[in-house]
Amino acid sequence: MKNNESSLTSLVSAFSRAYHVKEDRPIIFNDYIAQDFLLPAEFQAISTNMANGIAYFSSNMAEKLKNQQEAILKWVTQIQLSPTPLARAAYAENVVLHECQLGAEQYVILGAGLDTFAWRHDSLTNVSIFEVDHPTTQRFKIERLQQTGHTIPPHLNFVAMDFVKELSLEALVAAGFDSSKKTVFSLLGVSYYLTKDVFQQLLSLFFKNLPKGSSIIFDFADERLFTEAGIFNRVQNMVQMAKASGEQMKFATSILDLEILLSKEQLLVYEHLSPQEIQNRYFANRDDNLQAFETIHYIHAVKN
């Protein structure tokens, strides 16, 4: 990952959450703090770039919405940018809070970016939170926290790690992680960019010594990732844009093969949401363009 690419990705993700709270109703995921991580100039720049890209996503819609910048921006965000980040965040957060009620003492956010969980749940002081991400992203986040006046909660620990390239349990332990405690992990928007072997190594490293009941929430792409076009070719666009940015999507699998992979690490699928189930849970009865991505599934897997 090149300098500043990780912080740019995290800014775009924060933009999708902030824009959703500001412009969409009903709200799927209420990240009311995301806006604080974006300078006004950054919000405007991302808005402009998204709107200017409409011809790439659909020449027909570009013509239909010509000169309607706000309508163009809403269409691009709702069709391409926001559906998966919003719904998976809502799903993961509900699971994490439930697991904390059931005795989880640690929450590890792999690929945290500009995640705001620790600030929106600052009363959850009995749970140690670990944000793991690329060093560039973490430096950017800490600087932005200082700029916006948000203090770092005492139960939050930053762990600088490019875990796509170099996994390190030692770095997590050095930050206070305790493998004897029940732990919940989240890995959102990351699995597609890992190879199958790296994904398995990640699970093996982090779950090997954890107690039963520890779990992980993640999203994954099914085996149609590289063949399904999606509405307005959005699945194909997602794959092509990732490749063009230098972060090619690599991992797609069937639920059966995924269950086999997880079982090797003593993990069982506790809950699996298919695209249709995600649609029913998070996008039903809307009158806008937000709808579940065709090839993306959510998993909550628990160590047995």
# chains A, B, ... in the order shown; residues from 1 in each chain; ligands from 1
$ closest_atom_pairs --of "stretch 64-156 of chain A" --to "stretch 225-249 of chain A" --cutoff "10 Å" --atoms "only C-alpha atoms" --output "Markdown table"
| residue | atom | partner | partner_atom | distance |
| --- | --- | --- | --- | --- |
| A:Ile79 | CA | A:Arg234 | CA | 7.5 |
| A:Gln80 | CA | A:Arg234 | CA | 6.1 |
| A:Leu81 | CA | A:Met238 | CA | 9.1 |
$ write_last_selection --atoms "C-alpha atoms" --output "PDB file, in the first residue's frame"
ATOM      1  CA  ILE A  79     -25.913   2.306  -6.202  1.00  0.00           C
ATOM      2  CA  GLN A  80     -22.152   1.823  -5.923  1.00  0.00           C
ATOM      3  CA  LEU A  81     -20.506   3.260  -2.832  1.00  0.00           C
TER       4      LEU A  81
END
$ residues_around --residues "A:Trp75" --least-positions-apart "4" --cutoff "12 Å" --atoms "only C-alpha atoms" --output "number ranges by chain"
A: 20, 23-24, 47, 50-55, 57-58, 61-62, 64-65, 68-71, 79-83, 232, 288-291
$ residues_around --residues "A:Ala45" --least-positions-apart "5" --cutoff "12 Å" --atoms "only C-alpha atoms" --output "PyMOL selection string"
chain A and resi 8+11-12+15+38-40+50-52+73
$ residues_around --residues "A:Gly189" --least-positions-apart "3" --cutoff "9 Å" --atoms "only C-alpha atoms" --output "VMD selection string"
chain A and resid 84 to 85 88 111 192 to 193 218 to 220
$ closest_atom_pairs --of "stretch 167-194 of chain A" --to "stretch 136-157 of chain A" --cutoff "10 Å" --atoms "only C-alpha atoms" --output "CSV"
residue,atom,partner,partner_atom,distance
A:Leu172,CA,A:Asn157,CA,9.2
A:Ala175,CA,A:Asn157,CA,6.4
A:Gly176,CA,A:Asn157,CA,7.9
A:Phe177,CA,A:Asn157,CA,9.1
$ closest_residue --among "A:Ser16, A:Gln35, A:Thr77, A:Asn126" --to "A:Ala89" --atoms "only C-alpha atoms"
A:Ser16
$ atom_distance --atom1 "atom CA of A:Ile109" --atom2 "atom CA of A:Asp197"
20.4 Å
$ residues_around --residues "A:Asp133" --least-positions-apart "6" --cutoff "9 Å" --atoms "only C-alpha atoms" --output "PyMOL selection string"
chain A and resi 6+109-113+158-163
$ write_last_selection --atoms "N, CA, C and O atoms" --output "short mmCIF file (atom, residue, chain, number, x, y, z; two decimals), in the first residue's frame"
data_model
loop_
_atom_site.label_atom_id
_atom_site.label_comp_id
_atom_site.auth_asym_id
_atom_site.auth_seq_id
_atom_site.Cartn_x
_atom_site.Cartn_y
_atom_site.Cartn_z
N SER A 6 -4.04 4.32 2.13
CA SER A 6 -4.90 3.75 3.17
C SER A 6 -5.74 4.83 3.83
O SER A 6 -6.92 4.62 4.13
N ILE A 109 -10.77 -4.76 16.03
CA ILE A 109 -11.26 -4.27 14.74
C ILE A 109 -10.10 -4.33 13.75
O ILE A 109 -9.19 -3.51 13.78
N LEU A 110 -10.13 -5.33 12.88
CA LEU A 110 -9.08 -5.49 11.88
C LEU A 110 -9.42 -4.63 10.66
O LEU A 110 -10.48 -4.77 10.07
N GLY A 111 -8.51 -3.74 10.28
CA GLY A 111 -8.79 -2.80 9.20
C GLY A 111 -9.73 -1.71 9.69
O GLY A 111 -10.72 -1.39 9.04
N ALA A 112 -9.40 -1.11 10.83
CA ALA A 112 -10.33 -0.19 11.50
C ALA A 112 -10.57 1.11 10.73
O ALA A 112 -11.67 1.66 10.78
N GLY A 113 -9.55 1.61 10.04
CA GLY A 113 -9.73 2.87 9.33
C GLY A 113 -10.18 3.97 10.27
O GLY A 113 -9.67 4.14 11.37
N PHE A 158 -4.41 1.38 19.94
CA PHE A 158 -4.06 1.36 18.52
C PHE A 158 -2.94 0.35 18.28
O PHE A 158 -1.94 0.35 19.01
N VAL A 159 -3.08 -0.46 17.25
CA VAL A 159 -2.06 -1.45 16.89
C VAL A 159 -1.73 -1.25 15.41
O VAL A 159 -2.54 -1.59 14.53
N ALA A 160 -0.56 -0.67 15.13
CA ALA A 160 -0.15 -0.42 13.75
C ALA A 160 0.36 -1.72 13.13
O ALA A 160 1.34 -2.29 13.59
N MET A 161 -0.34 -2.19 12.09
CA MET A 161 0.03 -3.45 11.47
C MET A 161 -0.53 -3.53 10.06
O MET A 161 -1.73 -3.32 9.86
N ASP A 162 0.31 -3.81 9.09
CA ASP A 162 -0.15 -4.08 7.73
C ASP A 162 -0.39 -5.59 7.66
O ASP A 162 0.42 -6.34 7.14
N PHE A 163 -1.53 -6.03 8.23
CA PHE A 163 -1.75 -7.47 8.41
C PHE A 163 -1.97 -8.20 7.10
O PHE A 163 -1.95 -9.43 7.06
#
$ select_by_dssp --residues "stretch 69-238 of chain A" --states "alpha helix (DSSP H)" --output "NGL selection string"
:A and (69-76 or 83-101 or 117-120 or 135-148 or 169-174 or 196-207 or 234-238)
$ write_last_selection --atoms "C-alpha atoms" --output "mmCIF file, in the first residue's frame"
data_model
loop_
_atom_site.group_PDB
_atom_site.id
_atom_site.type_symbol
_atom_site.label_atom_id
_atom_site.label_comp_id
_atom_site.auth_asym_id
_atom_site.auth_seq_id
_atom_site.Cartn_x
_atom_site.Cartn_y
_atom_site.Cartn_z
ATOM 1 C CA GLN A 69 -25.207 17.325 -9.241
ATOM 2 C CA GLU A 70 -27.026 16.424 -6.029
ATOM 3 C CA ALA A 71 -29.134 13.782 -7.767
ATOM 4 C CA ILE A 72 -26.040 12.379 -9.465
ATOM 5 C CA LEU A 73 -24.143 12.167 -6.162
ATOM 6 C CA LYS A 74 -27.042 10.437 -4.437
ATOM 7 C CA TRP A 75 -27.374 7.923 -7.283
ATOM 8 C CA VAL A 76 -23.661 7.068 -7.291
ATOM 9 C CA PRO A 83 -24.808 -0.354 0.321
ATOM 10 C CA THR A 84 -22.240 -2.864 1.570
ATOM 11 C CA PRO A 85 -20.325 -0.593 4.014
ATOM 12 C CA LEU A 86 -23.550 0.569 5.669
ATOM 13 C CA ALA A 87 -25.274 -2.791 6.070
ATOM 14 C CA ARG A 88 -22.194 -4.736 7.133
ATOM 15 C CA ALA A 89 -21.374 -2.064 9.743
ATOM 16 C CA ALA A 90 -24.920 -2.270 11.105
ATOM 17 C CA TYR A 91 -24.747 -6.058 11.202
ATOM 18 C CA ALA A 92 -21.312 -6.196 12.818
ATOM 19 C CA GLU A 93 -22.142 -3.626 15.470
ATOM 20 C CA ASN A 94 -25.286 -5.457 16.564
ATOM 21 C CA VAL A 95 -23.351 -8.706 16.859
ATOM 22 C CA VAL A 96 -20.462 -7.092 18.748
ATOM 23 C CA LEU A 97 -22.746 -5.431 21.288
ATOM 24 C CA HIS A 98 -24.596 -8.725 21.805
ATOM 25 C CA GLU A 99 -21.311 -10.610 22.270
ATOM 26 C CA CYS A 100 -20.183 -8.033 24.837
ATOM 27 C CA GLN A 101 -23.418 -8.645 26.747
ATOM 28 C CA PHE A 117 -17.274 2.503 17.556
ATOM 29 C CA ALA A 118 -15.110 3.429 20.561
ATOM 30 C CA TRP A 119 -16.469 6.995 20.604
ATOM 31 C CA ARG A 120 -20.119 6.106 20.025
ATOM 32 C CA PRO A 135 0.561 2.541 10.143
ATOM 33 C CA THR A 136 -0.221 5.342 7.656
ATOM 34 C CA THR A 137 -3.930 5.137 8.394
ATOM 35 C CA GLN A 138 -3.397 5.125 12.134
ATOM 36 C CA ARG A 139 -1.088 8.135 12.048
ATOM 37 C CA PHE A 140 -3.670 9.980 9.972
ATOM 38 C CA LYS A 141 -6.477 9.041 12.358
ATOM 39 C CA ILE A 142 -4.593 10.143 15.462
ATOM 40 C CA GLU A 143 -3.749 13.468 13.801
ATOM 41 C CA ARG A 144 -7.379 13.946 12.798
ATOM 42 C CA LEU A 145 -8.534 13.156 16.342
ATOM 43 C CA GLN A 146 -6.229 15.879 17.628
ATOM 44 C CA GLN A 147 -7.566 18.322 15.031
ATOM 45 C CA THR A 148 -11.212 17.623 15.878
ATOM 46 C CA LEU A 169 0.146 -11.562 17.294
ATOM 47 C CA GLU A 170 3.060 -10.096 19.255
ATOM 48 C CA ALA A 171 2.096 -6.556 18.237
ATOM 49 C CA LEU A 172 -1.434 -7.151 19.490
ATOM 50 C CA VAL A 173 -0.180 -8.620 22.784
ATOM 51 C CA ALA A 174 2.215 -5.703 23.240
ATOM 52 C CA LYS A 196 -7.257 -17.878 0.743
ATOM 53 C CA ASP A 197 -3.984 -18.870 2.453
ATOM 54 C CA VAL A 198 -3.508 -15.473 4.128
ATOM 55 C CA PHE A 199 -7.114 -15.482 5.313
ATOM 56 C CA GLN A 200 -6.617 -18.939 6.853
ATOM 57 C CA GLN A 201 -3.326 -17.874 8.450
ATOM 58 C CA LEU A 202 -5.043 -14.840 9.973
ATOM 59 C CA LEU A 203 -7.753 -16.984 11.552
ATOM 60 C CA SER A 204 -5.233 -19.553 12.762
ATOM 61 C CA LEU A 205 -2.923 -16.970 14.313
ATOM 62 C CA PHE A 206 -5.571 -15.020 16.184
ATOM 63 C CA PHE A 207 -7.909 -17.857 17.213
ATOM 64 C CA ARG A 234 -21.809 -2.431 -10.234
ATOM 65 C CA VAL A 235 -20.207 -5.751 -9.216
ATOM 66 C CA GLN A 236 -18.026 -5.707 -12.314
ATOM 67 C CA ASN A 237 -17.222 -2.037 -11.658
ATOM 68 C CA MET A 238 -16.204 -2.819 -8.079
#
$ atom_distance --atom1 "atom CA of A:Gln44" --atom2 "atom CA of A:Pro26"
23.2 Å
